[in-house]
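Worksheet for the structure shown next.
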Amino acid sequence: MNAERIMARSTSGVAVEVVRETGSTNADLLARAPTLQAPLLLVAEHQTAGRGRAGRSWLSAPGHSLTFSLAWRLEGGLQRLTGLPLAIGTALAETLGRLGQPVKLKWPNDVLKDGDKLAGILVETQGAQGEPGGATWAVIGIGLNLAMPDELEAQIGRAVASMPWLARMDRDTLMAALLDGLAGALDEFARHGFAAFSARWNLLHAYQGEPVVILDRGDVLHEGLAAGVDDAGRLLLDTAVGRVAIVAGDVSLRPKP
């Protein structure tokens with residue numbers, strides 16, 4: 001991949017860097033956040049220590065996935081970032097849909113294809129230097145499977161999705177399209193918060209109206225019918241005792257067996 005070609009094919013105006021290999025693009029950008037002056041996209045041909053939500057590892061193989069992070073400055077404290085991972089998921093899913101690859105969303109931060117995980121999103125934050133309680137740098141990490149070698153799927157230990165058609169697409173053009181979708185969504189999120197995305201997220205919800213369970217470290221916290229998300233990004237669940245709203249935290253959603 002080539003940074004100059006990605007920038008030439010993007011309308012976002014965001015600076016791009018491409019490295020052959022690194023541990024974690026999120027970790028790299030978090031370390032650089034105190035000195036950043038403008039948004040920056042960091043793409044790695046291969047990540048050796050990719051991370052997912054709740055400290056899980058994100059495994060990838062060189063040439064078979066896109067692994068990248070986008071650093072974006074947002075005004076206000078952490079409370080202004082409520083729902084950001086879901087807004088990013090919406091933008092990613094909508095961009096893939098425009099590329100002819102329909103996908104669905106799983107609360108709070110997974111993109112699914114045919115019921116299996118295609119992409120994961122990890123949002124981490126760093127306060128802007130010299131602005132306590134003011135601006136925040138959001139570092140948005142995304143891993144997107146394009147092709148899935150059998151040996152990597154065996155290492156992951158569960159079925160995962162891939163998009164062979166996108167794997168044949170020019171990577172710089174694909175990355176530019178994803179960057180444009182994310183940059184547009186972040187501009188919109190900065191102005192309106194997640195409320196601008198909630199209805200769109202619900203249209204892409206993989207389990208809308210279906211029975212699900214909410215787990216915390218394997219223990220069932222709630223079960224009921226998934227009723228989408230509210231304007232704060234909380235999952236709405238219709239249970240036997242009424243509707244409850246669930247904050248992401250470290251809980252996980254699963255289809256009810």
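The way I read the labels, and the way they are meant: chains A, B, ... in the order of the structure tokens, residue 1 as the first residue of every chain, and ligand 1 as the first ligand shown, with later ones counted on from there.
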Who sits within 9 Å of Glu124 of chain A, only C-alpha atoms, same chain under 2 positions skipped, as a PyMOL selection string: chain A and resi 26+30+122+126+137-141
May I have the selected residues written with N, CA, C and O atoms, as a PDB file, in the first residue's frame?
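File part-v9.pdb, as written:
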```pdb
ATOM      1  N   ASN A  26      -2.992   1.272  16.966  1.00  0.00           N
ATOM      2  CA  ASN A  26      -3.621   2.062  18.021  1.00  0.00           C
ATOM      3  C   ASN A  26      -2.586   2.516  19.046  1.00  0.00           C
ATOM      4  O   ASN A  26      -2.550   3.687  19.438  1.00  0.00           O
ATOM      5  N   LEU A  30      -1.669   6.392  19.904  1.00  0.00           N
ATOM      6  CA  LEU A  30      -1.865   6.882  21.277  1.00  0.00           C
ATOM      7  C   LEU A  30      -0.572   7.493  21.815  1.00  0.00           C
ATOM      8  O   LEU A  30      -0.595   8.520  22.486  1.00  0.00           O
ATOM      9  N   LEU A 122     -11.955  -0.841  17.732  1.00  0.00           N
ATOM     10  CA  LEU A 122     -11.488  -0.503  19.077  1.00  0.00           C
ATOM     11  C   LEU A 122     -11.225   0.993  19.131  1.00  0.00           C
ATOM     12  O   LEU A 122     -10.390   1.504  18.391  1.00  0.00           O
ATOM     13  N   GLN A 126      -7.134   9.730  24.259  1.00  0.00           N
ATOM     14  CA  GLN A 126      -6.006  10.422  24.891  1.00  0.00           C
ATOM     15  C   GLN A 126      -6.371  11.900  24.947  1.00  0.00           C
ATOM     16  O   GLN A 126      -6.755  12.486  23.931  1.00  0.00           O
ATOM     17  N   TRP A 137      -8.310  13.254  21.854  1.00  0.00           N
ATOM     18  CA  TRP A 137      -7.948  12.494  20.663  1.00  0.00           C
ATOM     19  C   TRP A 137      -8.579  11.114  20.762  1.00  0.00           C
ATOM     20  O   TRP A 137      -8.327  10.379  21.710  1.00  0.00           O
ATOM     21  N   ALA A 138      -9.431  10.796  19.812  1.00  0.00           N
ATOM     22  CA  ALA A 138      -9.972   9.440  19.690  1.00  0.00           C
ATOM     23  C   ALA A 138      -9.108   8.688  18.693  1.00  0.00           C
ATOM     24  O   ALA A 138      -8.865   9.168  17.582  1.00  0.00           O
ATOM     25  N   VAL A 139      -8.607   7.551  19.096  1.00  0.00           N
ATOM     26  CA  VAL A 139      -7.835   6.687  18.205  1.00  0.00           C
ATOM     27  C   VAL A 139      -8.700   5.483  17.883  1.00  0.00           C
ATOM     28  O   VAL A 139      -9.045   4.694  18.763  1.00  0.00           O
ATOM     29  N   ILE A 140      -9.074   5.381  16.629  1.00  0.00           N
ATOM     30  CA  ILE A 140     -10.064   4.405  16.172  1.00  0.00           C
ATOM     31  C   ILE A 140      -9.336   3.317  15.390  1.00  0.00           C
ATOM     32  O   ILE A 140      -8.825   3.557  14.292  1.00  0.00           O
ATOM     33  N   GLY A 141      -9.242   2.142  15.987  1.00  0.00           N
ATOM     34  CA  GLY A 141      -8.575   1.023  15.338  1.00  0.00           C
ATOM     35  C   GLY A 141      -9.581   0.101  14.684  1.00  0.00           C
ATOM     36  O   GLY A 141     -10.618  -0.224  15.276  1.00  0.00           O
TER      37      GLY A 141
END
```
In segment 1-243 of chain A, DSSP strand (DSSP E or B) residues written as an MDAnalysis selection string: chainID A and resid 15:22 40:47 51 57 65:74 104:106 110:113 116:127 136:145 160 205 211:216 219:229 235:239 242:243
One-decimal distance in Å that lies between atom CA of Ile6 of chain A and atom CA of Met163 of chain A: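 Going from atom CA of Met163 of chain A over to atom CA of Ile6 of chain A, I get 20.3 Å.
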Dump as a Markdown table the rows for residues of segment 14-104 of chain A within 10 Å of segment 183-186 of chain A: closest atom pair and distance in Å with one decimal, only C-alpha atoms counted, ordered by chain and rising residue number.
```
| residue | atom | partner | partner_atom | distance |
| --- | --- | --- | --- | --- |
| A:Val14 | CA | A:Ala183 | CA | 8.2 |
| A:Pro39 | CA | A:Ala183 | CA | 9.2 |
| A:Leu70 | CA | A:Ala183 | CA | 9.1 |
| A:Trp72 | CA | A:Leu186 | CA | 7.9 |
| A:Arg73 | CA | A:Leu186 | CA | 9.4 |
| A:Leu74 | CA | A:Leu186 | CA | 8.6 |
| A:Leu84 | CA | A:Leu186 | CA | 8.6 |
| A:Ala87 | CA | A:Ala185 | CA | 7.1 |
| A:Ile88 | CA | A:Ala185 | CA | 7.1 |
| A:Gly89 | CA | A:Ala185 | CA | 9.9 |
| A:Thr90 | CA | A:Ala185 | CA | 8.5 |
| A:Ala91 | CA | A:Ala185 | CA | 6.0 |
| A:Leu92 | CA | A:Ala185 | CA | 9.2 |
```
Writing out the chosen residues with N, CA and C atoms as an mmCIF file, in the first residue's frame:
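Everything below was put into result06.cif:
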```cif
data_model
loop_
_atom_site.group_PDB
_atom_site.id
_atom_site.type_symbol
_atom_site.label_atom_id
_atom_site.label_comp_id
_atom_site.auth_asym_id
_atom_site.auth_seq_id
_atom_site.Cartn_x
_atom_site.Cartn_y
_atom_site.Cartn_z
ATOM 1 N N VAL A 14 -7.083 14.003 4.946
ATOM 2 C CA VAL A 14 -6.383 13.447 6.108
ATOM 3 C C VAL A 14 -5.016 12.922 5.678
ATOM 4 N N PRO A 39 -5.722 15.295 12.145
ATOM 5 C CA PRO A 39 -6.048 13.873 12.008
ATOM 6 C C PRO A 39 -4.969 13.127 11.230
ATOM 7 N N LEU A 70 -7.137 5.456 12.986
ATOM 8 C CA LEU A 70 -7.348 6.858 12.623
ATOM 9 C C LEU A 70 -7.410 7.684 13.898
ATOM 10 N N TRP A 72 -8.305 11.176 15.617
ATOM 11 C CA TRP A 72 -9.213 12.272 15.290
ATOM 12 C C TRP A 72 -9.492 13.079 16.549
ATOM 13 N N ARG A 73 -9.326 14.366 16.455
ATOM 14 C CA ARG A 73 -9.541 15.253 17.601
ATOM 15 C C ARG A 73 -11.013 15.636 17.698
ATOM 16 N N LEU A 74 -11.577 15.443 18.882
ATOM 17 C CA LEU A 74 -12.971 15.796 19.134
ATOM 18 C C LEU A 74 -13.025 16.722 20.338
ATOM 19 N N LEU A 84 -19.557 6.588 20.144
ATOM 20 C CA LEU A 84 -18.640 6.715 19.015
ATOM 21 C C LEU A 84 -18.328 5.373 18.344
ATOM 22 N N ALA A 87 -21.106 4.619 16.007
ATOM 23 C CA ALA A 87 -21.115 5.511 14.845
ATOM 24 C C ALA A 87 -20.068 5.066 13.827
ATOM 25 N N ILE A 88 -18.897 4.648 14.313
ATOM 26 C CA ILE A 88 -17.850 4.153 13.420
ATOM 27 C C ILE A 88 -18.312 2.876 12.729
ATOM 28 N N GLY A 89 -18.963 1.989 13.466
ATOM 29 C CA GLY A 89 -19.496 0.774 12.855
ATOM 30 C C GLY A 89 -20.499 1.081 11.758
ATOM 31 N N THR A 90 -21.358 2.070 12.014
ATOM 32 C CA THR A 90 -22.333 2.479 11.004
ATOM 33 C C THR A 90 -21.638 2.977 9.746
ATOM 34 N N ALA A 91 -20.636 3.833 9.923
ATOM 35 C CA ALA A 91 -19.908 4.375 8.776
ATOM 36 C C ALA A 91 -19.204 3.274 7.999
ATOM 37 N N LEU A 92 -18.589 2.343 8.710
ATOM 38 C CA LEU A 92 -17.880 1.250 8.052
ATOM 39 C C LEU A 92 -18.858 0.376 7.260
#
```
Alpha helix (DSSP H) call set, DSSP backbone run, segment 3-198 of chain A, as an NGL selection string: :A and (3-9 or 25-32 or 84-98 or 150-156 or 164-167 or 171-192 or 198)
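Summary of the local environment: counting only C-alpha atoms, residues at most 10 Å from Leu174 of chain A, other than itself and those fewer than 3 positions away along its chain, are Ile6, Arg9, Ser10, Leu66, Thr95, Leu96, Leu99, Leu166, Ala167, Met169, Asp170, Arg171, Ala177, Leu178 and Leu179 of chain A.
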Residues near Gly233 of chain A, cut-off 10 Å, only C-alpha atoms, skip fewer than 4 positions along chain, as a count of residues only: 19
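Closest approach to Ala240 of chain A among A:Ile121, A:Leu253, A:Leu225, A:Leu204 is made by A:Leu225 (distances from only C-alpha atoms).
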Point-to-point distance in Å for atom CA of Asn145 of chain A and atom CA of Gly23 of chain A: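 Between atom CA of Gly23 of chain A and atom CA of Asn145 of chain A the gap is 17.7 Å.
Using only C-alpha atoms, the smallest distance between any of A:Val103, A:Leu118, A:Leu81, A:Val123 and Arg191 of chain A comes from A:Leu81.
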Exercise: Ala44 of chain A partners within 9 Å, only C-alpha atoms, chain neighbours under 2 positions left out, as a list of chain:residue names: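 Within the cut-off, the hits are A:Met1, A:Glu17, A:Val18, A:Val19, A:Arg20, A:Glu21, A:Thr22, A:Ser24, A:Thr25, A:Leu42, A:His46, A:Gln47, A:Leu66, A:Thr67, A:Phe68, A:Ser69.
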